[in-house]
Amino acid sequence: MVNDLFFMVDVKELFNKYYHLSIEWTKELRKNKNALMFLLFLFLSTCFWVINALSKDDYTASLTYPVRYANSRSNELIKGELERKLSLKVRAGGFSILSYQVKDRSDFEIDITHKQRIRMGERQGALVATSDYVSELTNNLANDMELIDISPDTLFVPLIEKVSKKVPVSLNANLKFDQQMQLSGDVSIVPDSIKVSGPEDLIDTLRSVFTKSVVFEKLKDTLVRNVALKELDQVEMSESRVVVSVPVEPFTEVSVRVPIEASNLSDSLLLKSFPSEVKVSYRIGLSRDVHSKDDFSAIVDFSELSLSNMPARLKVKLSKQPEDISYVSYSPVFIEYLLEKQSNQ
């Protein structure tokens with residue numbers, strides 16, 4: 001902040017200094033009429049010289065013309081180093097050349113669909129003779145411009161084989177639900193897969209395509225949106241957008257008591273746990289049936305323990321639970337216990 005203040009002060013001081021100098025210089029010029037007249041005539045003579053020079057119509061100049069390439073063959077891709085500009089040698093008036101230099105110009109399209117294919121070393125491509133485009137380029141120039149030469153005289157457009165395959169579409173979204181609302185099923189994407197085409201080295205490693213990043217907030221009803229796909233460099237996609245459906249419904253919180261069981265414990269031993277049950281809490285959509293204790297399984301897995309070096313408390317795990325529930329928790333996670341020997345009967 002201090003530095004910015006000093007900078008503003010410096011700029012202000014410089015402005016005031018040069019403002020006052022220019023005022024004094026102007027006053028001096030007014031006093032010295034000869035100097036003022038000299039500068040005026042110098043300016044006018046310069047303008048007349050420039051206008052006279054530009055009025056001549058026998059200038060030869062080299063102009064650059066941007067180009068782009070098109071190819072309608074479905075099995076090929078243009079890839080590699082390309083000549084992006086043509087050098088045009090023209091004869092024209094100065095004003096025409098100046099106008100060309102300052103004017104924005106769209107790219108000149110060269111269609112290689114029907115051009116000859118050749119192989120140069122390990123590269124394959126199309127060969128283009130720029131002389132084929134003399135007429136079209138001339139039509140794009142000013143009427144008084146004469147096209148003398150085009151450089152380079154030949155263009156090589158490198159090509160590679162285009163491959164295609166189908167890949168799944170994945171949603172890149174942050175879903176935020178309103179209070180007491182949750183996802184009530186799988187998110188639907190239509191179409192769920194698309195065709196991608198491009199260079200073999202890219203397509204082979206492509207496993208899926210993603211939508212652009214989106215955020216859906218305060219969801220309280222089923223949402224249907226048209227979402228754009230994220231573009232990939234050098235990859236063509238059969239679709240640019242997909243329809244995403246996010247099913248939403250209210251939920252309720254439910255608790256159920258599930259007995260603790262021993263897993264992988266010798267038949268000669270009996271586990272007595274304290275407590276003997278865990279309380280399982282979960283969320284479930286209102287459109288679904290509430291689950292009973294039989295839909296859950298709470299165990300102590302003795303395959304992970306050594307009977308000769310048992311801990312003071314045992315850890316309980318949920319080994320089974322329904323798939324249509326969320327935010328599952330249970331307590332206690334650790335229990336007191338006794339191991340008793342089974343009596344032989």
# chains A, B, ... in the order shown; residues from 1 in each chain; ligands from 1

call {"tool": "residues_around", "arguments": {"residues": "region 153-161 of chain A", "least_positions_apart": "3", "cutoff": "10 Å", "atoms": "only C-alpha atoms", "output": "PyMOL selection string"}}
result
chain A and resi 69+71+74-83+86-87+112+115+117-120+123-132+149-150+198-200

call {"tool": "select_by_dssp", "arguments": {"residues": "region 37-274 of chain A", "states": "strand (DSSP E)", "output": "ChimeraX atom specification"}}
result
/A:59-70,76-78,85-92,108-111,116-120,123-129,146-151,154-170,173-177,181-183,188-190,193-199,209-210,214-219,223-228,236-237,241-246,248-263,269-274

call {"tool": "residues_around", "arguments": {"residues": "region 321-329 of chain A", "least_positions_apart": "6", "cutoff": "12 Å", "atoms": "only C-alpha atoms", "output": "NGL selection string"}}
result
:A and (181-186 or 251-258 or 278-298)

call {"tool": "closest_residue", "arguments": {"among": "A:Lys272, A:Lys176, A:Arg241, A:His114", "to": "Glu217 (chain A)", "atoms": "only C-alpha atoms"}}
result
A:Lys176

call {"tool": "residues_around", "arguments": {"residues": "Phe302 (chain A)", "least_positions_apart": "6", "cutoff": "7 Å", "atoms": "only C-alpha atoms", "output": "JSON, numbers by chain"}}
result
{"A": [263, 264, 265]}

call {"tool": "residues_around", "arguments": {"residues": "Lys85 (chain A)", "least_positions_apart": "5", "cutoff": "9 Å", "atoms": "only C-alpha atoms", "output": "ChimeraX atom specification"}}
result
/A:64-68,107

call {"tool": "write_last_selection", "arguments": {"atoms": "N, CA and C atoms", "output": "PDB file, in the first residue's frame"}}
result
ATOM      1  N   THR A  64       2.277 -11.625 -46.281  1.00  0.00           N
ATOM      2  CA  THR A  64       1.976 -12.942 -45.700  1.00  0.00           C
ATOM      3  C   THR A  64       0.473 -13.170 -45.695  1.00  0.00           C
ATOM      4  N   TYR A  65       0.067 -14.408 -45.993  1.00  0.00           N
ATOM      5  CA  TYR A  65      -1.346 -14.768 -46.036  1.00  0.00           C
ATOM      6  C   TYR A  65      -1.528 -16.026 -45.168  1.00  0.00           C
ATOM      7  N   PRO A  66      -2.306 -15.935 -44.084  1.00  0.00           N
ATOM      8  CA  PRO A  66      -2.509 -17.109 -43.206  1.00  0.00           C
ATOM      9  C   PRO A  66      -3.330 -18.190 -43.907  1.00  0.00           C
ATOM     10  N   VAL A  67      -2.997 -19.445 -43.650  1.00  0.00           N
ATOM     11  CA  VAL A  67      -3.721 -20.560 -44.270  1.00  0.00           C
ATOM     12  C   VAL A  67      -4.158 -21.561 -43.209  1.00  0.00           C
ATOM     13  N   ARG A  68      -5.213 -22.287 -43.532  1.00  0.00           N
ATOM     14  CA  ARG A  68      -5.641 -23.430 -42.711  1.00  0.00           C
ATOM     15  C   ARG A  68      -5.984 -24.572 -43.660  1.00  0.00           C
ATOM     16  N   ASP A 107      -8.296 -16.770 -42.595  1.00  0.00           N
ATOM     17  CA  ASP A 107      -7.376 -17.757 -43.162  1.00  0.00           C
ATOM     18  C   ASP A 107      -7.855 -18.226 -44.542  1.00  0.00           C
TER      19      ASP A 107
END
